[in-house]
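start_2.txt follows (compact mmCIF, C-alpha atoms and all ligand atoms):
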```txt
# COMPACT_ATOMS: atom_id res chain seq x y z
CA MET L 978 0.00 0.00 0.00
CA HIS L 979 1.36 3.41 -0.93
CA TYR L 980 0.58 6.20 1.52
CA ALA L 981 0.80 9.91 0.77
CA ARG L 982 4.28 11.36 1.34
CA ASN L 983 3.23 14.31 3.52
CA ALA L 984 0.79 12.29 5.58
CA SER L 985 2.99 9.28 6.21
CA SER L 986 5.88 11.44 7.45
CA LEU L 987 3.72 13.03 10.18
CA GLU L 988 4.72 12.31 13.76
CA GLY L 989 2.20 11.50 16.50
CA SER L 990 1.47 13.98 19.29
CA ALA L 991 4.02 13.33 22.06
CA THR L 992 1.95 15.24 24.59
CA LEU L 993 -1.10 13.06 23.96
CA MET L 994 1.11 9.94 24.04
CA TYR L 995 2.79 10.71 27.41
CA THR L 996 -0.53 11.85 28.90
CA ALA L 997 -2.15 8.57 27.79
CA LYS L 998 0.76 6.48 29.09
CA ALA L 999 0.62 8.10 32.55
CA ALA L 1000 -3.19 7.71 32.63
CA ALA L 1001 -3.00 4.04 31.59
CA MET L 1002 -0.45 3.25 34.32
CA LYS L 1003 -2.62 5.01 36.89
CA ALA L 1004 -5.73 3.15 35.71
CA ALA L 1005 -3.81 -0.12 36.07
CA GLY L 1006 -3.23 0.72 39.74
CA ALA L 1007 0.27 2.25 39.65
CA ASP L 1008 1.01 5.13 42.04
CA ILE L 1009 1.40 7.92 39.48
CA VAL L 1010 1.20 11.68 39.76
CA SER L 1011 0.76 13.19 36.33
CA LEU L 1012 1.81 16.70 35.30
CA THR L 1013 1.31 15.89 31.64
CA ALA L 1014 -2.11 17.32 30.93
CA GLY L 1015 -2.57 20.44 28.85
CA GLN L 1016 -6.02 21.17 30.16
CA PRO L 1017 -7.73 22.75 33.18
CA ASP L 1018 -8.72 20.28 35.91
CA PHE L 1019 -11.97 22.16 36.60
CA PRO L 1020 -15.49 21.34 35.44
CA THR L 1021 -17.02 23.27 32.57
CA PRO L 1022 -19.05 26.24 33.90
CA GLN L 1023 -22.75 25.62 34.48
CA ALA L 1024 -23.77 28.35 32.01
CA ALA L 1025 -22.25 26.32 29.17
CA ILE L 1026 -23.87 23.08 30.31
CA LYS L 1027 -27.30 24.72 30.67
CA ALA L 1028 -26.99 26.34 27.23
CA ALA L 1029 -26.10 22.96 25.73
CA GLU L 1030 -29.07 21.28 27.43
CA LYS L 1031 -31.37 24.02 26.18
CA ALA L 1032 -29.99 23.70 22.64
CA MET L 1033 -30.66 19.95 22.69
CA ALA L 1034 -34.16 20.39 24.15
CA GLU L 1035 -34.94 22.95 21.43
CA GLY L 1036 -33.76 20.65 18.69
CA LYS L 1037 -30.69 22.64 17.73
CA THR L 1038 -29.05 19.38 16.85
CA LEU L 1039 -28.82 19.53 13.07
CA TYR L 1040 -26.18 20.99 10.73
CA THR L 1041 -25.37 24.65 11.28
CA PRO L 1042 -23.83 27.03 8.74
CA SER L 1043 -20.37 25.68 8.14
CA MET L 1044 -18.51 28.70 9.57
CA GLY L 1045 -20.64 28.55 12.73
CA ILE L 1046 -23.96 29.96 13.93
CA ALA L 1047 -24.34 33.67 13.24
CA GLU L 1048 -24.90 34.54 16.92
CA LEU L 1049 -21.59 33.00 17.92
CA ARG L 1050 -19.60 34.48 15.02
CA GLN L 1051 -21.04 37.89 15.88
CA ALA L 1052 -20.30 37.42 19.60
CA VAL L 1053 -16.71 36.45 18.78
CA ALA L 1054 -16.30 39.49 16.52
CA ASP L 1055 -17.72 41.76 19.25
CA ARG L 1056 -15.68 40.33 22.10
CA TRP L 1057 -12.33 40.41 20.32
CA SER L 1058 -13.07 43.83 18.82
CA ALA L 1059 -13.30 45.04 22.40
CA VAL L 1060 -10.12 43.20 23.44
CA HIS L 1061 -8.05 44.61 20.56
CA TYR L 1062 -9.81 47.95 19.90
CA GLN L 1063 -10.75 46.76 16.40
CA ASP L 1064 -14.02 46.74 14.49
CA TYR L 1065 -14.31 43.09 13.53
CA LYS L 1066 -17.56 42.09 11.85
CA ILE L 1067 -19.21 38.71 11.49
CA GLU L 1068 -17.27 38.07 8.25
CA ASN L 1069 -14.02 38.36 10.22
CA ALA L 1070 -14.91 35.43 12.50
CA MET L 1071 -15.14 31.69 12.05
CA VAL L 1072 -15.89 28.87 14.48
CA SER L 1073 -14.07 25.54 14.18
CA ASN L 1074 -13.64 22.27 16.05
CA GLY L 1075 -11.17 23.59 18.64
CA ALA L 1076 -8.36 26.12 18.26
CA LYS L 1077 -6.19 23.36 16.79
CA HIS L 1078 -8.64 23.06 13.91
CA SER L 1079 -8.80 26.85 13.55
CA ILE L 1080 -5.00 26.95 13.15
CA ALA L 1081 -5.04 24.06 10.66
CA ASN L 1082 -7.70 25.78 8.52
CA MET L 1083 -6.01 29.17 8.58
CA LEU L 1084 -2.63 27.62 7.73
CA GLU L 1085 -4.08 25.63 4.87
CA ALA L 1086 -5.42 28.89 3.43
CA VAL L 1087 -1.94 30.45 3.23
CA VAL L 1088 0.69 27.68 2.93
CA SER L 1089 1.56 26.31 -0.51
CA PRO L 1090 4.05 23.45 -0.98
CA GLY L 1091 7.59 24.69 -0.40
CA ASP L 1092 6.55 27.79 1.59
CA LYS L 1093 8.73 28.52 4.60
CA VAL L 1094 6.94 29.27 7.85
CA LEU L 1095 8.71 30.66 10.94
CA LEU L 1096 7.75 28.76 14.10
CA PRO L 1097 8.74 29.43 17.70
CA LYS L 1098 11.17 27.10 19.42
CA PRO L 1099 10.19 25.64 21.79
CA TYR L 1100 7.00 25.15 19.80
CA TRP L 1101 3.61 23.63 20.50
CA VAL L 1102 3.91 20.06 19.18
CA SER L 1103 1.38 20.44 16.39
CA TYR L 1104 2.84 23.47 14.58
CA PRO L 1105 5.64 21.74 12.62
CA GLN L 1106 3.42 18.78 11.77
CA MET L 1107 0.63 21.06 10.55
CA VAL L 1108 3.05 22.98 8.30
CA LYS L 1109 4.62 19.75 6.95
CA ARG L 1110 1.21 18.25 6.26
CA LEU L 1111 0.70 21.04 3.72
CA GLY L 1112 4.13 20.56 2.14
CA GLY L 1113 5.38 23.70 3.88
CA VAL L 1114 8.84 24.00 5.44
CA PRO L 1115 9.15 24.98 9.11
CA VAL L 1116 12.03 27.34 9.90
CA TYR L 1117 13.11 28.31 13.39
CA PRO L 1118 14.43 31.40 15.20
CA GLU L 1119 18.12 31.98 14.73
CA THR L 1120 18.80 34.32 17.63
CA GLY L 1121 18.63 31.40 20.05
CA GLY L 1122 16.32 32.68 22.81
CA MET L 1123 13.21 30.96 24.12
CA LEU L 1124 10.88 33.49 22.46
CA ILE L 1125 10.66 34.83 18.90
CA THR L 1126 12.16 38.31 18.42
CA GLY L 1127 11.82 40.95 15.72
CA ASP L 1128 15.24 39.97 14.38
CA ASP L 1129 14.15 36.33 14.06
CA ILE L 1130 11.36 37.55 11.79
CA ARG L 1131 13.70 39.75 9.75
CA LEU L 1132 16.18 36.87 9.30
CA ALA L 1133 13.47 34.35 8.42
CA ALA L 1134 11.83 36.72 5.94
CA ALA L 1135 15.22 37.41 4.34
CA SER L 1136 15.59 33.67 3.79
CA GLY L 1137 12.16 33.52 2.16
CA ALA L 1138 9.68 32.82 5.01
CA ARG L 1139 6.19 34.04 4.11
CA GLY L 1140 4.55 33.78 7.49
CA MET L 1141 4.86 32.78 11.11
CA ILE L 1142 2.95 31.22 13.94
CA PHE L 1143 3.27 33.21 17.13
CA ASN L 1144 2.33 32.00 20.62
CA SER L 1145 2.56 34.13 23.74
CA PRO L 1146 1.84 32.96 26.47
CA CYS L 1147 3.77 30.03 25.13
CA ASN L 1148 3.10 26.32 25.42
CA PRO L 1149 5.41 24.71 26.67
CA SER L 1150 7.36 27.41 28.54
CA GLY L 1151 4.60 29.65 29.93
CA LEU L 1152 6.82 32.58 28.86
CA VAL L 1153 5.40 35.81 27.48
CA ASN L 1154 6.98 38.31 25.08
CA THR L 1155 7.43 41.65 26.83
CA ARG L 1156 5.72 44.77 25.49
CA GLU L 1157 9.10 45.97 24.18
CA MET L 1158 9.69 42.71 22.32
CA ILE L 1159 6.18 42.85 20.90
CA GLU L 1160 6.76 46.34 19.58
CA ASP L 1161 9.85 45.16 17.71
CA ILE L 1162 7.96 42.10 16.45
CA ALA L 1163 5.14 44.30 15.16
CA ALA L 1164 7.71 46.54 13.43
CA ALA L 1165 9.34 43.48 11.82
CA VAL L 1166 5.95 42.15 10.67
CA ARG L 1167 5.21 45.50 9.06
CA GLU L 1168 8.66 45.76 7.42
CA THR L 1169 8.63 42.22 6.03
CA GLY L 1170 4.94 41.94 5.14
CA ILE L 1171 4.72 38.35 6.44
CA TRP L 1172 1.39 36.91 7.58
CA VAL L 1173 0.99 35.99 11.23
CA ILE L 1174 -1.14 33.37 12.92
CA SER L 1175 -1.21 34.59 16.51
CA ASP L 1176 -2.15 31.61 18.65
CA ASP L 1177 -3.73 33.40 21.61
CA ILE L 1178 -5.32 30.34 23.21
CA TYR L 1179 -3.70 31.20 26.60
CA GLU L 1180 -4.39 34.97 26.41
CA ASP L 1181 -6.73 34.89 29.42
CA LEU L 1182 -4.18 33.02 31.54
CA TYR L 1183 -1.68 35.86 31.82
CA TYR L 1184 -0.36 36.62 35.30
CA GLY L 1185 1.15 40.02 34.57
CA SER L 1186 -0.84 43.22 34.86
CA GLY L 1187 -3.47 44.17 32.28
CA ARG L 1188 -3.84 42.30 29.01
CA VAL L 1189 -1.03 40.19 27.61
CA PRO L 1190 1.12 42.30 25.22
CA HIS L 1191 -0.16 41.76 21.68
CA ILE L 1192 1.01 42.55 18.15
CA LEU L 1193 -2.28 44.32 17.36
CA GLU L 1194 -1.91 46.47 20.44
CA ALA L 1195 1.55 47.51 19.25
CA ASP L 1196 0.30 48.17 15.70
CA PRO L 1197 -3.49 47.97 15.17
CA GLY L 1198 -2.93 48.60 11.45
CA LEU L 1199 -1.57 45.05 11.05
CA LYS L 1200 -5.03 43.55 11.41
CA ASP L 1201 -5.29 42.33 7.80
CA GLN L 1202 -1.98 40.47 8.10
CA VAL L 1203 -2.61 38.95 11.52
CA ALA L 1204 -5.06 36.12 12.18
CA LEU L 1205 -6.07 35.68 15.80
CA ILE L 1206 -6.67 32.19 17.10
CA THR L 1207 -8.47 31.71 20.37
CA GLY L 1208 -11.23 29.63 21.90
CA VAL L 1209 -12.97 28.37 25.00
CA SER L 1210 -10.84 25.30 25.77
CA LYS L 1211 -8.34 26.72 28.25
CA THR L 1212 -10.12 29.86 29.49
CA TYR L 1213 -13.37 28.07 30.36
CA ALA L 1214 -12.30 24.45 30.96
CA MET L 1215 -14.06 23.32 27.77
CA THR L 1216 -11.39 21.22 26.04
CA GLY L 1217 -13.79 18.40 25.22
CA TRP L 1218 -16.42 20.60 23.59
CA ARG L 1219 -14.06 21.30 20.67
CA ILE L 1220 -14.75 24.92 19.87
CA GLY L 1221 -12.09 27.33 18.61
CA PHE L 1222 -12.17 30.67 16.84
CA ALA L 1223 -10.26 32.36 14.04
CA ILE L 1224 -10.53 36.12 13.57
CA ALA L 1225 -8.89 37.58 10.47
CA ASN L 1226 -9.45 39.53 7.29
CA PRO L 1227 -12.62 38.39 5.45
CA ASP L 1228 -10.74 36.86 2.47
CA TRP L 1229 -8.59 34.69 4.72
CA ILE L 1230 -11.69 33.63 6.67
CA ARG L 1231 -13.64 32.91 3.46
CA ILE L 1232 -10.92 30.62 2.08
CA ALA L 1233 -10.45 28.86 5.43
CA GLY L 1234 -14.25 28.55 5.59
CA ARG L 1235 -14.34 26.68 2.28
CA ILE L 1236 -11.69 24.28 3.56
CA GLN L 1237 -13.81 23.64 6.64
CA ALA L 1238 -16.97 23.25 4.53
CA HIS L 1239 -15.36 20.49 2.50
CA THR L 1240 -13.73 18.68 5.40
CA THR L 1241 -15.77 18.82 8.62
CA SER L 1242 -18.90 20.82 7.68
CA ASN L 1243 -19.70 22.67 10.89
CA PRO L 1244 -18.50 22.43 14.49
CA CYS L 1245 -20.89 20.57 16.85
CA SER L 1246 -24.14 22.57 17.05
CA ILE L 1247 -24.64 21.92 20.78
CA SER L 1248 -21.09 22.97 21.65
CA GLN L 1249 -21.56 26.20 19.71
CA TYR L 1250 -24.49 27.19 21.93
CA ALA L 1251 -22.46 26.28 25.02
CA ALA L 1252 -19.59 28.45 23.75
CA LEU L 1253 -22.00 31.31 23.01
CA ALA L 1254 -23.00 31.38 26.69
CA VAL L 1255 -19.42 31.79 27.92
CA VAL L 1256 -18.24 34.14 25.17
CA THR L 1257 -21.12 36.48 26.01
CA GLY L 1258 -20.00 36.63 29.64
CA HIS L 1259 -22.17 34.12 31.50
CA ALA L 1260 -19.29 32.28 33.17
CA GLU L 1261 -17.09 35.13 34.32
CA GLU L 1262 -17.20 34.14 37.98
CA GLU L 1263 -15.90 30.63 37.23
CA ARG L 1264 -13.36 32.01 34.77
CA VAL L 1265 -11.90 34.34 37.39
CA GLN L 1266 -11.87 31.58 40.03
CA MET L 1267 -9.98 29.24 37.70
CA TYR L 1268 -7.57 32.01 36.72
CA LYS L 1269 -6.83 32.75 40.37
CA ALA L 1270 -6.30 29.07 41.11
CA PHE L 1271 -3.80 28.76 38.25
CA GLU L 1272 -1.96 31.89 39.37
CA ARG L 1273 -1.72 30.57 42.95
CA ARG L 1274 -0.51 27.17 41.71
CA ARG L 1275 2.07 28.88 39.53
CA ASP L 1276 3.44 30.54 42.66
CA LEU L 1277 3.29 27.25 44.56
CA ILE L 1278 5.11 25.14 41.98
CA CYS L 1279 7.75 27.82 41.30
CA GLY L 1280 8.41 28.21 45.03
CA LEU L 1281 8.85 24.44 45.41
CA LEU L 1282 10.98 24.06 42.27
CA ASP L 1283 13.25 26.86 43.48
CA GLU L 1284 14.33 24.48 46.25
CA VAL L 1285 15.20 21.65 43.86
CA PRO L 1286 18.90 21.57 42.98
CA GLY L 1287 19.70 20.54 39.43
CA LEU L 1288 16.98 22.57 37.71
CA ALA L 1289 16.94 25.98 36.08
CA PHE L 1290 13.77 27.67 34.87
CA ASP L 1291 12.27 31.02 34.00
CA ARG L 1292 9.15 31.83 35.97
CA PRO L 1293 6.13 31.40 33.69
CA GLU L 1294 4.01 34.50 33.17
CA GLY L 1295 1.11 32.72 31.54
CA ALA L 1296 -0.60 29.40 30.66
CA PHE L 1297 -0.22 26.52 33.16
CA TYR L 1298 3.22 25.13 32.39
CA VAL L 1299 6.74 25.39 33.81
CA TYR L 1300 9.60 24.31 31.60
CA PRO L 1301 12.71 23.58 33.64
CA LYS L 1302 16.07 22.66 32.19
CA ILE L 1303 17.70 19.60 33.74
CA LEU L 1304 21.19 20.70 34.68
CA SER L 1305 23.72 18.00 33.99
CA GLU L 1306 27.32 17.76 32.93
CA ARG L 1307 26.40 15.09 30.45
CA GLU L 1308 23.85 15.54 27.70
CA ILE L 1309 20.52 14.09 28.74
CA ASN L 1310 18.11 12.28 26.48
CA THR L 1311 14.95 13.80 27.92
CA GLU L 1312 12.70 11.23 26.33
CA LYS L 1313 14.47 8.48 28.25
CA PHE L 1314 14.53 10.74 31.30
CA CYS L 1315 10.74 11.19 31.19
CA VAL L 1316 10.04 7.48 30.63
CA SER L 1317 12.30 6.59 33.56
CA LEU L 1318 10.78 9.37 35.72
CA LEU L 1319 7.36 7.92 35.00
CA GLU L 1320 8.23 4.25 35.44
CA LYS L 1321 10.68 4.51 38.36
CA GLY L 1322 9.78 7.85 39.88
CA GLY L 1323 5.98 7.69 39.50
CA LEU L 1324 5.78 11.12 37.87
CA GLY L 1325 4.37 11.89 34.42
CA THR L 1326 5.94 14.81 32.50
CA ILE L 1327 6.54 15.68 28.84
CA PRO L 1328 10.07 15.68 27.36
CA GLY L 1329 11.34 18.90 25.80
CA SER L 1330 12.23 16.96 22.64
CA ALA L 1331 8.50 17.04 21.83
CA PHE L 1332 8.77 20.84 21.67
CA GLY L 1333 12.07 20.96 19.81
CA ASN L 1334 14.36 21.39 22.87
CA GLU L 1335 16.53 18.66 24.34
CA GLY L 1336 17.31 18.93 28.04
CA TYR L 1337 13.99 20.39 29.23
CA ILE L 1338 10.82 18.87 30.64
CA ARG L 1339 7.33 20.35 30.68
CA LEU L 1340 5.39 20.29 33.94
CA SER L 1341 1.69 21.22 33.87
CA PHE L 1342 0.35 22.81 37.05
CA ALA L 1343 -3.28 22.28 36.07
CA VAL L 1344 -3.51 19.83 39.00
CA SER L 1345 -4.31 20.04 42.73
CA ASP L 1346 -1.96 21.62 45.29
CA ASP L 1347 -1.36 18.16 46.79
CA ASP L 1348 -0.36 16.75 43.40
CA ILE L 1349 1.98 19.70 42.81
CA ALA L 1350 3.68 19.16 46.18
CA GLU L 1351 3.95 15.39 45.68
CA ALA L 1352 5.19 15.80 42.10
CA VAL L 1353 8.01 18.16 43.06
CA LYS L 1354 8.99 15.78 45.89
CA ARG L 1355 9.16 12.89 43.40
CA LEU L 1356 11.12 14.93 40.89
CA ASN L 1357 13.56 15.99 43.58
CA SER L 1358 14.23 12.43 44.78
CA PHE L 1359 14.54 11.17 41.20
CA LEU L 1360 17.15 13.86 40.49
CA GLU L 1361 18.92 13.08 43.76
CA ARG L 1362 19.11 9.37 42.91
CA GLY L 1363 20.60 10.37 39.57
CA ASP L 1364 19.88 7.03 37.92
CA PHE L 1365 18.91 8.75 34.67
CA LYS L 1366 22.51 9.79 33.97
C1 LIG R 1 -0.56 26.48 22.08
C2 LIG R 1 -1.84 25.77 21.83
N1 LIG R 1 -2.57 26.13 20.77
C3 LIG R 1 -3.72 25.51 20.47
C4 LIG R 1 -4.21 24.50 21.28
C5 LIG R 1 -5.48 23.81 20.87
O1 LIG R 1 -6.58 24.13 21.61
P1 LIG R 1 -7.96 23.37 21.37
O2 LIG R 1 -8.08 22.33 22.43
O3 LIG R 1 -9.02 24.44 21.48
O4 LIG R 1 -7.93 22.76 20.02
C6 LIG R 1 -3.48 24.08 22.38
C7 LIG R 1 -3.94 22.95 23.20
O5 LIG R 1 -3.19 22.30 23.89
C8 LIG R 1 -2.27 24.75 22.68
O6 LIG R 1 -1.54 24.42 23.75
```

Just give me the structure as structure tokens.
Ligand SMILES: Cc1ncc(COP(=O)(O)O)c(C=O)c1O
Amino acid sequence: MHYARNASSLEGSATLMYTAKAAAMKAAGADIVSLTAGQPDFPTPQAAIKAAEKAMAEGKTLYTPSMGIAELRQAVADRWSAVHYQDYKIENAMVSNGAKHSIANMLEAVVSPGDKVLLPKPYWVSYPQMVKRLGGVPVYPETGGMLITGDDIRLAAASGARGMIFNSPCNPSGLVNTREMIEDIAAAVRETGIWVISDDIYEDLYYGSGRVPHILEADPGLKDQVALITGVSKTYAMTGWRIGFAIANPDWIRIAGRIQAHTTSNPCSISQYAALAVVTGHAEEERVQMYKAFERRRDLICGLLDEVPGLAFDRPEGAFYVYPKILSEREINTEKFCVSLLEKGGLGTIPGSAFGNEGYIRLSFAVSDDDIAEAVKRLNSFLERGDFK
């Protein structure tokens, strides 16, 4: 059997694989603490559940327009107009099956075979695979930091890159580009004319003051070049409902909409009504409670990790991940490290190799305080034993 070249070279999702492995060991009775998950550990707000029940009772269970129900597209346009001081209209907004799907659609609309696309490094696992699936060529920052800079964009554009995916707060590091960096990035985007997919899925989990620094805040005039990706998964603990949003210029949305129409039709009708309830502000109390819990846990895990010798990390300013480097004289294969930490140390984590960095591990703090404390204890004794070296 001959499989398609682009498809058969795709790699699986390491985060899903390690999360599943830790869960399977736990289900089989092993004593495992898992910091693998990339999702809130809170229930979905009641407003979303009630809206979904109502939608089902009212028979809103058939196909919807492929780009999403008009009420939700309009609500998305209104909400993110307010966030970014823009005047987005319904034709600027599209609803898809999770932010991952929004990114895939928007990429497919702009990447032709051979096109170079600048990605962050460390990157969210799916970015390079999504680009390669389309025959595109991922290129990476050359200045060597953990976050993309304006000069990375200038260098990439000079070598032919047509666009970039940007992600701040970043998965896996939780790091955030400062306002100063963002201003230089916006200047570089304007100078080079590249398109940007700004993956803002963690925008509401920012622990600094005010809104997270954003390219459109630095230069609102870039709105036709910049597609915003966001959704309800992380902000409202709705990962399983599979609703994500793309907000961009109407042509980009129209082309991405045709791709969606010919691949998945519409996102789940019931989930769209659930998302409408939270996007229009009916779950703000729960949102703030979850946000505060994540901020407190960030402080807790960073305080505990500070006491662990053999690790170095930058304090995350957003999302729910810490990304420590394992300090060692010898080079560490972090995949082996994470398998051994899981099997011998009873702690599930994700190796940095999944995000393009050897030597790091990703810890999710979307777990209880007790699990955080126990996890850091296990990590500390595993490092002390040193049997991974
Ligand atoms: C950086 C980043 N972008 C996008 C997504 C996808 O979100 P969704 O679950 O809405 O598809 C995730 C989920 O882990 C993520 O971490």

- To one decimal place, how far is atom CA of Tyr1100 of chain L from atom CA of Pro1118 of chain L in Å?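 A separation of 10.7 Å between them.
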
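The smallest atom-to-atom distance between Ala981 of chain L and any of L:Val1285, L:Ala1000, L:Leu1111, L:Leu1124, using all atoms listed in the file, is found for L:Leu1111.
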
For the interface of segment 1151-1225 of chain L with segment 1259-1269 of chain L (cut-off 7 Å, counting only C-alpha atoms), please tabulate each contacting residue of segment 1151-1225 of chain L alongside its nearest pair of atoms and their separation in Å to one decimal, rows sorted by chain and increasing number, as JSON lines.
```
{"residue": "L:Leu1182", "atom": "CA", "partner": "L:Tyr1268", "partner_atom": "CA", "distance": 6.3}
{"residue": "L:Thr1212", "atom": "CA", "partner": "L:Arg1264", "partner_atom": "CA", "distance": 6.6}
{"residue": "L:Tyr1213", "atom": "CA", "partner": "L:Arg1264", "partner_atom": "CA", "distance": 5.9}
```

Kindly provide the residues of chain L that approach ligand LIG 1 (chain R) to within 9 Å, each paired with its closest atom pair and their distance in Å to one decimal, based on only C-alpha atoms and all ligand atoms, listed by chain and increasing number, as CSV.
```
residue,atom,partner,partner_atom,distance
L:Thr992,CA,R:LIG1,O5,8.8
L:Ala1014,CA,R:LIG1,O5,8.7
L:Gly1015,CA,R:LIG1,O5,5.3
L:Gln1016,CA,R:LIG1,O5,7.0
L:Ser1073,CA,R:LIG1,O4,8.9
L:Asn1074,CA,R:LIG1,O4,7.0
L:Gly1075,CA,R:LIG1,O4,3.6
L:Ala1076,CA,R:LIG1,O3,3.7
L:Lys1077,CA,R:LIG1,O4,3.7
L:His1078,CA,R:LIG1,O4,6.2
L:Ser1079,CA,R:LIG1,O4,7.7
L:Ile1080,CA,R:LIG1,C3,7.6
L:Tyr1100,CA,R:LIG1,C1,8.0
L:Trp1101,CA,R:LIG1,C1,5.3
L:Val1102,CA,R:LIG1,O6,8.3
L:Ser1103,CA,R:LIG1,N1,8.2
L:Tyr1104,CA,R:LIG1,N1,8.6
L:Asn1144,CA,R:LIG1,C1,6.4
L:Ser1145,CA,R:LIG1,C1,8.4
L:Pro1146,CA,R:LIG1,C1,8.2
L:Cys1147,CA,R:LIG1,C1,6.4
L:Asn1148,CA,R:LIG1,C1,5.0
L:Pro1149,CA,R:LIG1,O6,7.5
L:Asp1176,CA,R:LIG1,N1,5.9
L:Asp1177,CA,R:LIG1,N1,7.4
L:Ile1178,CA,R:LIG1,N1,5.6
L:Tyr1179,CA,R:LIG1,C1,7.3
L:Ile1206,CA,R:LIG1,C3,8.0
L:Thr1207,CA,R:LIG1,O3,7.4
L:Gly1208,CA,R:LIG1,O3,5.7
L:Val1209,CA,R:LIG1,O3,6.6
L:Ser1210,CA,R:LIG1,O3,4.7
L:Lys1211,CA,R:LIG1,O3,7.2
L:Met1215,CA,R:LIG1,O2,8.1
L:Thr1216,CA,R:LIG1,O2,5.0
L:Gly1217,CA,R:LIG1,O2,7.5
L:Trp1218,CA,R:LIG1,O2,8.6
L:Arg1219,CA,R:LIG1,O3,6.0
L:Ile1220,CA,R:LIG1,O3,6.0
L:Gly1221,CA,R:LIG1,O3,5.1
L:Phe1222,CA,R:LIG1,O3,8.4
L:Ala1296,CA,R:LIG1,O6,8.6
```

- Selected residue, from L:Gln1106, L:Asn1226, L:Ser1043, L:Asn1334, that lies nearest to Asn983 of chain L when counting all atoms listed in the file: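 For Asn983 of chain L, the nearest of the candidates is L:Gln1106.
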
Could you list, as a PDB file with C-alpha atoms, in the coordinates of the input, every residue within 10 Å of Gly1287 of chain L, counting all atoms listed in the file and ignoring same-chain residues fewer than 4 positions away?
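The new file selection.pdb reads:
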```
ATOM      1  CA  LEU L1282      10.980  24.060  42.270  1.00  0.00           C
ATOM      2  CA  ASP L1283      13.250  26.860  43.480  1.00  0.00           C
ATOM      3  CA  PRO L1301      12.710  23.580  33.640  1.00  0.00           C
ATOM      4  CA  LYS L1302      16.070  22.660  32.190  1.00  0.00           C
ATOM      5  CA  ILE L1303      17.700  19.600  33.740  1.00  0.00           C
ATOM      6  CA  LEU L1304      21.190  20.700  34.680  1.00  0.00           C
ATOM      7  CA  SER L1305      23.720  18.000  33.990  1.00  0.00           C
ATOM      8  CA  ASN L1357      13.560  15.990  43.580  1.00  0.00           C
ATOM      9  CA  LEU L1360      17.150  13.860  40.490  1.00  0.00           C
ATOM     10  CA  GLU L1361      18.920  13.080  43.760  1.00  0.00           C
TER      11      GLU L1361
END
```

Box centre and edge lengths (Å, one decimal), axis-aligned, segment 1241-1255 of chain L plus 6 Å each side, as lines of an AutoDock Vina configuration file:
```
center_x = -20.2
center_y = 25.3
center_z = 17.8
size_x = 20.9
size_y = 25.0
size_z = 32.2
```

Segment 1242-1323 of chain L residues near segment 1049-1054 of chain L within 12 Å, closest pair each, using all atoms listed in the file, as JSON lines:
```
{"residue": "L:Pro1244", "atom": "CA", "partner": "L:Leu1049", "partner_atom": "CA", "distance": 11.5}
{"residue": "L:Ser1246", "atom": "CA", "partner": "L:Leu1049", "partner_atom": "CA", "distance": 10.8}
{"residue": "L:Ile1247", "atom": "CA", "partner": "L:Leu1049", "partner_atom": "CA", "distance": 11.8}
{"residue": "L:Ser1248", "atom": "CA", "partner": "L:Leu1049", "partner_atom": "CA", "distance": 10.7}
{"residue": "L:Gln1249", "atom": "CA", "partner": "L:Leu1049", "partner_atom": "CA", "distance": 7.0}
{"residue": "L:Tyr1250", "atom": "CA", "partner": "L:Leu1049", "partner_atom": "CA", "distance": 7.6}
{"residue": "L:Ala1251", "atom": "CA", "partner": "L:Leu1049", "partner_atom": "CA", "distance": 9.8}
{"residue": "L:Ala1252", "atom": "CA", "partner": "L:Leu1049", "partner_atom": "CA", "distance": 7.7}
{"residue": "L:Leu1253", "atom": "CA", "partner": "L:Leu1049", "partner_atom": "CA", "distance": 5.4}
{"residue": "L:Ala1254", "atom": "CA", "partner": "L:Leu1049", "partner_atom": "CA", "distance": 9.0}
{"residue": "L:Val1255", "atom": "CA", "partner": "L:Ala1052", "partner_atom": "CA", "distance": 10.1}
{"residue": "L:Val1256", "atom": "CA", "partner": "L:Ala1052", "partner_atom": "CA", "distance": 6.8}
{"residue": "L:Thr1257", "atom": "CA", "partner": "L:Ala1052", "partner_atom": "CA", "distance": 6.5}
{"residue": "L:Gly1258", "atom": "CA", "partner": "L:Ala1052", "partner_atom": "CA", "distance": 10.1}
```

- Query: Within 7 Å of Gly1295 of chain L, counting all atoms listed in the file, which residues qualify if same-chain residues fewer than 5 places away don't, as a VMD selection string?
  - Reply: chain L and resid 1146 1151 to 1153 1182 to 1184

- Near Ile1174 of chain L, counting only C-alpha atoms, which residues have an atom at most 6 Å away, once you skip same-chain residues fewer than 6 positions from it, shown as a ChimeraX atom specification? /L:1142,1203-1204

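Coordinates place atom CA of Ser1058 of chain L at a distance of 24.0 Å from atom CA of Thr1041 of chain L.
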